[in-house]
Structures are given as C-alpha cells and as structure tokens.
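A.B. asks: Just dropping this structure here.
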Amino acid sequence: MGRKFDKHSILREKDPWAVARNVFDVALEFALLGYVDIATKLFVLFEEFSKGCKSSWSPGMIFAWEATGSFPDFVTPEERTPEAIFELETERILWLREKNASKEGLDQLVTRATEGRDEWGEMQIRADDLTAAIDLALFMGEKEKAVEILHIFAENFHSTWMDLLKSRQVWQLLKDKALAKAIGVNEEKIAAFSVDVYETFKERLEKGALRVFRDTSLKDLVKMCDENTIQNAVWEETDYDPEEPPKTILHKGATKEQIAELEKRLEHDLPDDYKEFLSLTNGIESYWNGFFGEPRLLGTDEIHILDATEHQNTWNEASVDIIYIPNLGIKINWATLDRVILINDGREDTQFIWLVEPEYGKKLGQSFFNAYSQVDEQTQKSVNKLLMHFHAGKAAAHAVEWQVVVWSPRDLDLTVYHSFREFFEYLVGDTAKEDVLDEEDGQGRLMHSHDIFAYQMR
C-alpha cells in the first residue's frame, strides 16, 4: 500500500475526482490536528469538486468551521445555521449521550470501547464507542476525562480518525491543536508538509495529470516495469511462490512475422507503440501495481477479439462513470463495445485491459458530444472547464485514436487511456510504489502512513 499523501501518485493521477477525494481526506486530517486554516485552504482550492465529494469527507469540516468561526464563502448561510448543523450530528452519538449521561455511564462507554484485545493481547479500539465517549465527556463538562480519552485516540489515530470526525463536541479540544500535541506533531514538519501538499494539489489541478515518463523510451519503460516488480512486489500478494520469486517477468520479443500474423487474425492493423512493446517483450508475466500483482499481459498467440457488450451493460446498469468524463446530468447513450482486443489475462475478480480501435473510440467520443449538445449553456461551460482536467480541452477530446480501456468488475472502476504508450507509462509508475504497510519511524513505531500522515510529522 502507498502513502495517504503521495506526491508522485497525485501528480500523475488521471482522475481529478480521485485527486479531489484525496485532497479532502488530507484536509480533514489537518483539521483534526487543529490546522483548520490549512484544511480550509485545500477545500477552497478544490471548491469546484467539493459538492460532488461531500459524501466522502463527512460533516467534520462543518463542525470545524463552526468551532473556529471560519466558514468559507462556498458554505451557504442555510448550511451554517444551528438547525442545519444539528442535523449533521450522528444519531448514535446523540442516543448514547442521552443513555449514558452520567460519570458511570461515561466510564462504561470507555470500557466498552477499549476492552477488546487481539490475538497478541493488543488493545482493539471500538472507534464509534470511543467517539461517543469523548463527545459525552465534553457535553457533560468533564474536560479532564475528555483529554484522557483523546490520548487513546492519539495512540490509535490510524484506526479512529474517521470516527472522531463524527463528534461535534470534540472540536472544543481539536481547534486548539490538542490532538496534535497528544500525538507529538512537530510544528516545523507540519508547516513544511502543508506547503508541499498545497503546491502538489494546486499543480495537479492547474496542469492536469503529469506524464512523468513521456520522454522515456518504451524499451526503458519495459526494463523499469521488470525491475520495479522484482524489487517492490510483495510476493505473498501475487500468484508467485514467495519462496521462489521470478528473476524476470519479461519474455523474448515477438518477431515481425508473429506481429503480422496477429494483425491478420485480428483483421486490423495495430498501433505502432503496441507493436514496439510486443517486439521488446511478447507479453509480460504478472506485474506489481503497488498493491498486488496484476494479471499478465498476453503474447501474440493469445491476444484476441472480445465482445464486451455484457461488461458494458454491467457498468451501464451500475451507473459507472467513464473516468475523466464530467457528469452532464443526463444519461449518455454510449456506442456498443461489441469488438475490443483483449490484451491481458483478466478475470472477473481482477481487471480486463482492452485495446479499442480508433473507429470505436470515435463512436464513444461522439456518444459523449451528442449528450453534450443537449445540455444548457451553463452546463456546457462547466463541462468545458472540467474537460481541461481530463483531456487538456474539448479539441483534444475530439482527437481520439487508439485507446486502452481498463475495466475492473470487482470495483466497478473504468479507466480510459489515449494510447497504449500512455497506459504503459502509468503501469510503470504504479510498479515503482513501495509497500509501506509496516513502515516504522526512527523509534520503531508503526507510521500507518497509508491511513494517516500525522505519525510522519512527529
């Protein structure tokens, strides 16, 4: 797993909605640590996306802005009223507050939240009960008890931070950086980190996804994919025997005759970048994607035409958005993908990688612009603005040639790349991710940096 904030990944992330969700998660953590001003700055930066991502950032920021009296302009007066904010409070917390409104009840809540133990005897926190407990302590005016509970949160922040956001009362402490002090956050580190975070997200928003390997030869990219996988893969998470990991995932390159025979069988020429890839390695074995091993890329003998209509029906029924296409507010009648070229050994529980011929890609593009022409002028302006984050503008969105579609039925995730070369650049970037699941600081403490960044700031 990668870090919660990964500059390299953010700058090359194609989907601005994924970037927006990440920035809001990072902002919420800044707020919990008491740096509400930094959190607000990040929210304002991504104001264009804030409404669409509200469900991913919880009511925590509303509580933070209420506590600090620092509502940004995009929060409407109606959303700031006591009545509206009360509606955001969690029913379970309110119920437990009423049920346990005594010192004995508070102690029972804390006990229930901390009595669990795992097989090694380590404390297993029930974050929802612990949140209800600190909320109740502050509601009852038991500030010392609340601070005591906050230290439990500090020691288990990686597994409790999302629940802590649900308490309105807790911001009495958080606004004064009580949690940051309990964790031991270094002010100089957090200041430098906040600048890096802001500048990174700003660059991604303004410039779009960065192709960091644009000028790297395909030959070198193939070599990097191999070396990164061998070095970074957690072999227990792949189909390989962890006791005998491979020395390479590459194959002997395909001959011109093998590639020509494939084109004849497909009844279509292949793009030059994909043919170059096949000539360098005729498919590759399972490669590391930063989290687990992906299915292998097929060689010339196995690549074949597939009717993807059934898959397309699945994502249509599930209302899956084609990533990088803004929501027009009307249903897009997509052209049928009844002919794609399957280039990987995908399965329903993994992902499929398809080459989509230019003729079909243009039909898909036309499907989008047919819908675009039906919306009002204001919506078109909004879409034009968002297209800058997707395709570097409307004109580029029209210029569709070969595309690569990555479809994950398991996650209902659909990603489109505008060439095999672009897809492979992102693939190689993912193989460079090191697993940080068991990352420790200088004192041997787990940093849990895939969940939070706070422990990195000590």
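Here's how to read the names in the structure tokens: chain A, B, ... by the order shown, residue numbers from 1 in each chain, ligand numbers from 1 in the order shown.
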Can you tell me which residues surround Gln456 in chain A at a distance of at most 12 Å, considering only C-alpha atoms, apart from same-chain residues fewer than 6 positions away, and format the answer as a list of chain:residue names?

C.D. replies: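 Final neighbour list, sorted by chain and number: A:Arg3, A:Lys4, A:Phe5, A:His158, A:Ala180, A:Ile183, A:Gly184, A:Val185, A:Asn186, A:Glu187, A:Lys189, A:Ile190, A:Phe193, A:Glu439, A:Glu440, A:Asp441, A:Gly442, A:Gln443, A:Arg445, A:Leu446, A:Met447, A:His448, A:Ser449, A:His450.
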
A.B. asks: Considering only C-alpha atoms, return as a PyMOL selection string whatever protein or nucleic-acid residues lie within 8 Å of Ile259 in chain A, sequence-local ones (same chain, fewer than 4 positions apart) excluded.

C.D. replies: chain A and resi 254-255+263+275+278+300

A.B. asks: Would you save the residues from that selection as a PDB file, in the first residue's frame, using C-alpha atoms?

C.D. replies:
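Final output, selection.pdb:
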```
ATOM      1  CA  ALA A 254       7.871 -11.109 -30.806  1.00  0.00           C
ATOM      2  CA  THR A 255       9.163 -11.340 -34.369  1.00  0.00           C
ATOM      3  CA  GLU A 263      -2.783  -8.330 -37.259  1.00  0.00           C
ATOM      4  CA  LYS A 275       3.779  -3.371 -31.778  1.00  0.00           C
ATOM      5  CA  LEU A 278       5.435  -6.746 -28.358  1.00  0.00           C
ATOM      6  CA  THR A 300       0.729 -12.587 -29.763  1.00  0.00           C
TER       7      THR A 300
END
```

A.B. asks: What separation in Å, quoted to one decimal, exists between CA of Ala454 in chain A and CA of Ala127 in chain A?

C.D. replies: 17.6 Å

A.B. asks: Give the alpha helix (DSSP H) residues of range 14-75 of chain A, as assigned by DSSP on the backbone, as an mmCIF file with N, CA and C atoms, in the first residue's frame.

C.D. replies:
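This went into part-v1.cif:
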```
data_model
loop_
_atom_site.group_PDB
_atom_site.id
_atom_site.type_symbol
_atom_site.label_atom_id
_atom_site.label_comp_id
_atom_site.auth_asym_id
_atom_site.auth_seq_id
_atom_site.Cartn_x
_atom_site.Cartn_y
_atom_site.Cartn_z
ATOM 1 N N PRO A 16 -9.452 13.431 -11.845
ATOM 2 C CA PRO A 16 -9.461 14.546 -10.891
ATOM 3 C C PRO A 16 -10.400 14.318 -9.719
ATOM 4 N N TRP A 17 -11.413 13.450 -9.904
ATOM 5 C CA TRP A 17 -12.300 13.154 -8.776
ATOM 6 C C TRP A 17 -11.561 12.341 -7.714
ATOM 7 N N ALA A 18 -10.675 11.447 -8.162
ATOM 8 C CA ALA A 18 -9.847 10.703 -7.204
ATOM 9 C C ALA A 18 -8.907 11.649 -6.483
ATOM 10 N N VAL A 19 -8.356 12.626 -7.207
ATOM 11 C CA VAL A 19 -7.486 13.632 -6.587
ATOM 12 C C VAL A 19 -8.286 14.455 -5.583
ATOM 13 N N ALA A 20 -9.515 14.826 -5.961
ATOM 14 C CA ALA A 20 -10.354 15.623 -5.065
ATOM 15 C C ALA A 20 -10.660 14.863 -3.779
ATOM 16 N N ARG A 21 -11.000 13.593 -3.907
ATOM 17 C CA ARG A 21 -11.287 12.798 -2.692
ATOM 18 C C ARG A 21 -10.054 12.719 -1.805
ATOM 19 N N ASN A 22 -8.887 12.595 -2.419
ATOM 20 C CA ASN A 22 -7.650 12.546 -1.658
ATOM 21 C C ASN A 22 -7.392 13.864 -0.936
ATOM 22 N N VAL A 23 -7.593 14.995 -1.648
ATOM 23 C CA VAL A 23 -7.322 16.290 -1.016
ATOM 24 C C VAL A 23 -8.267 16.521 0.155
ATOM 25 N N PHE A 24 -9.516 16.071 0.048
ATOM 26 C CA PHE A 24 -10.452 16.280 1.151
ATOM 27 C C PHE A 24 -10.104 15.400 2.343
ATOM 28 N N ASP A 25 -9.629 14.180 2.085
ATOM 29 C CA ASP A 25 -9.185 13.317 3.184
ATOM 30 C C ASP A 25 -7.990 13.935 3.903
ATOM 31 N N VAL A 26 -7.042 14.440 3.127
ATOM 32 C CA VAL A 26 -5.863 15.082 3.715
ATOM 33 C C VAL A 26 -6.272 16.332 4.486
ATOM 34 N N ALA A 27 -7.188 17.116 3.915
ATOM 35 C CA ALA A 27 -7.659 18.326 4.583
ATOM 36 C C ALA A 27 -8.331 18.005 5.916
ATOM 37 N N LEU A 28 -9.139 16.960 5.943
ATOM 38 C CA LEU A 28 -9.822 16.571 7.182
ATOM 39 C C LEU A 28 -8.826 16.212 8.272
ATOM 40 N N GLU A 29 -7.744 15.556 7.880
ATOM 41 C CA GLU A 29 -6.746 15.200 8.894
ATOM 42 C C GLU A 29 -6.045 16.452 9.423
ATOM 43 N N PHE A 30 -5.741 17.396 8.538
ATOM 44 C CA PHE A 30 -5.177 18.669 9.001
ATOM 45 C C PHE A 30 -6.128 19.316 10.011
ATOM 46 N N ALA A 31 -7.416 19.296 9.701
ATOM 47 C CA ALA A 31 -8.395 19.921 10.597
ATOM 48 C C ALA A 31 -8.407 19.234 11.957
ATOM 49 N N LEU A 32 -8.413 17.906 11.966
ATOM 50 C CA LEU A 32 -8.417 17.171 13.231
ATOM 51 C C LEU A 32 -7.196 17.508 14.081
ATOM 52 N N VAL A 36 -7.067 24.034 10.999
ATOM 53 C CA VAL A 36 -8.286 24.239 10.217
ATOM 54 C C VAL A 36 -8.040 25.218 9.075
ATOM 55 N N ASP A 37 -7.132 26.173 9.277
ATOM 56 C CA ASP A 37 -6.825 27.134 8.214
ATOM 57 C C ASP A 37 -6.218 26.447 6.998
ATOM 58 N N ILE A 38 -5.326 25.483 7.241
ATOM 59 C CA ILE A 38 -4.718 24.734 6.134
ATOM 60 C C ILE A 38 -5.783 23.895 5.433
ATOM 61 N N ALA A 39 -6.631 23.243 6.233
ATOM 62 C CA ALA A 39 -7.704 22.418 5.669
ATOM 63 C C ALA A 39 -8.626 23.252 4.791
ATOM 64 N N THR A 40 -8.975 24.429 5.273
ATOM 65 C CA THR A 40 -9.877 25.319 4.518
ATOM 66 C C THR A 40 -9.248 25.735 3.200
ATOM 67 N N LYS A 41 -7.966 26.040 3.228
ATOM 68 C CA LYS A 41 -7.255 26.439 2.010
ATOM 69 C C LYS A 41 -7.326 25.335 0.950
ATOM 70 N N LEU A 42 -7.221 24.080 1.388
ATOM 71 C CA LEU A 42 -7.305 22.953 0.462
ATOM 72 C C LEU A 42 -8.724 22.782 -0.075
ATOM 73 N N PHE A 43 -9.713 22.974 0.793
ATOM 74 C CA PHE A 43 -11.106 22.884 0.351
ATOM 75 C C PHE A 43 -11.424 23.967 -0.674
ATOM 76 N N VAL A 44 -10.943 25.173 -0.423
ATOM 77 C CA VAL A 44 -11.194 26.281 -1.345
ATOM 78 C C VAL A 44 -10.534 26.001 -2.696
ATOM 79 N N LEU A 45 -9.337 25.417 -2.659
ATOM 80 C CA LEU A 45 -8.616 25.086 -3.885
ATOM 81 C C LEU A 45 -9.438 24.151 -4.769
ATOM 82 N N GLU A 47 -12.765 23.747 -4.614
ATOM 83 C CA GLU A 47 -14.176 24.106 -4.440
ATOM 84 C C GLU A 47 -15.037 23.552 -5.574
ATOM 85 N N GLU A 48 -14.494 23.521 -6.785
ATOM 86 C CA GLU A 48 -15.236 23.041 -7.954
ATOM 87 C C GLU A 48 -15.735 21.614 -7.759
ATOM 88 N N PHE A 49 -14.989 20.834 -6.967
ATOM 89 C CA PHE A 49 -15.316 19.427 -6.785
ATOM 90 C C PHE A 49 -15.986 19.148 -5.444
ATOM 91 N N SER A 50 -16.082 20.150 -4.570
ATOM 92 C CA SER A 50 -16.471 19.892 -3.185
ATOM 93 C C SER A 50 -17.858 19.291 -3.046
ATOM 94 N N LYS A 54 -18.806 15.598 -1.150
ATOM 95 C CA LYS A 54 -19.211 15.783 0.243
ATOM 96 C C LYS A 54 -19.397 14.454 0.966
ATOM 97 N N SER A 55 -19.930 13.489 0.262
ATOM 98 C CA SER A 55 -20.188 12.202 0.905
ATOM 99 C C SER A 55 -18.909 11.534 1.368
ATOM 100 N N SER A 56 -17.761 11.918 0.783
ATOM 101 C CA SER A 56 -16.504 11.277 1.153
ATOM 102 C C SER A 56 -15.782 12.000 2.274
ATOM 103 N N TRP A 57 -16.230 13.237 2.621
ATOM 104 C CA TRP A 57 -15.478 13.916 3.675
ATOM 105 C C TRP A 57 -16.253 14.132 4.964
ATOM 106 N N GLY A 60 -17.465 16.548 9.256
ATOM 107 C CA GLY A 60 -16.416 17.023 10.153
ATOM 108 C C GLY A 60 -15.960 18.443 9.906
ATOM 109 N N MET A 61 -15.837 18.848 8.633
ATOM 110 C CA MET A 61 -15.366 20.199 8.345
ATOM 111 C C MET A 61 -16.394 21.247 8.748
ATOM 112 N N ILE A 62 -17.668 20.934 8.609
ATOM 113 C CA ILE A 62 -18.703 21.877 9.062
ATOM 114 C C ILE A 62 -18.554 22.116 10.560
ATOM 115 N N PHE A 63 -18.328 21.039 11.318
ATOM 116 C CA PHE A 63 -18.119 21.178 12.764
ATOM 117 C C PHE A 63 -16.862 22.006 13.049
ATOM 118 N N ALA A 64 -15.804 21.769 12.245
ATOM 119 C CA ALA A 64 -14.547 22.508 12.444
ATOM 120 C C ALA A 64 -14.739 23.989 12.160
ATOM 121 N N TRP A 65 -15.430 24.298 11.073
ATOM 122 C CA TRP A 65 -15.659 25.707 10.732
ATOM 123 C C TRP A 65 -16.563 26.386 11.754
ATOM 124 N N GLU A 66 -17.534 25.635 12.280
ATOM 125 C CA GLU A 66 -18.394 26.194 13.322
ATOM 126 C C GLU A 66 -17.567 26.525 14.558
ATOM 127 N N ALA A 67 -16.695 25.583 14.956
ATOM 128 C CA ALA A 67 -15.907 25.771 16.181
ATOM 129 C C ALA A 67 -14.927 26.928 16.065
ATOM 130 N N THR A 68 -14.414 27.167 14.861
ATOM 131 C CA THR A 68 -13.405 28.213 14.675
ATOM 132 C C THR A 68 -13.989 29.487 14.062
#
```

A.B. asks: Would you pick out the contacts of Leu174 in chain A at 8 Å or less, using only C-alpha atoms, so that residues sharing its chain but fewer than 4 positions from it are not included, and give the list as a ChimeraX atom specification?

C.D. replies: /A:31-34,170,178-179

A.B. asks: Report, in Å with one decimal, the straight-line distance from CA of Ile230 in chain A to CA of Thr281 in chain A.

C.D. replies: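 According to the coordinates, CA of Ile230 in chain A and CA of Thr281 in chain A are separated by 16.1 Å.
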
A.B. asks: Counting only C-alpha atoms, what is within 8 Å of His251 in chain A, bar same-chain residues fewer than 4 positions away, as a list in words?

C.D. replies: Thr281, Asn282, Gly283 and Ile284 of chain A

A.B. asks: Between A:Ala371, A:Ala191, A:Leu412, A:Leu136, single out the one closest to Tyr35 in chain A, counting only C-alpha atoms.

C.D. replies: A:Ala191
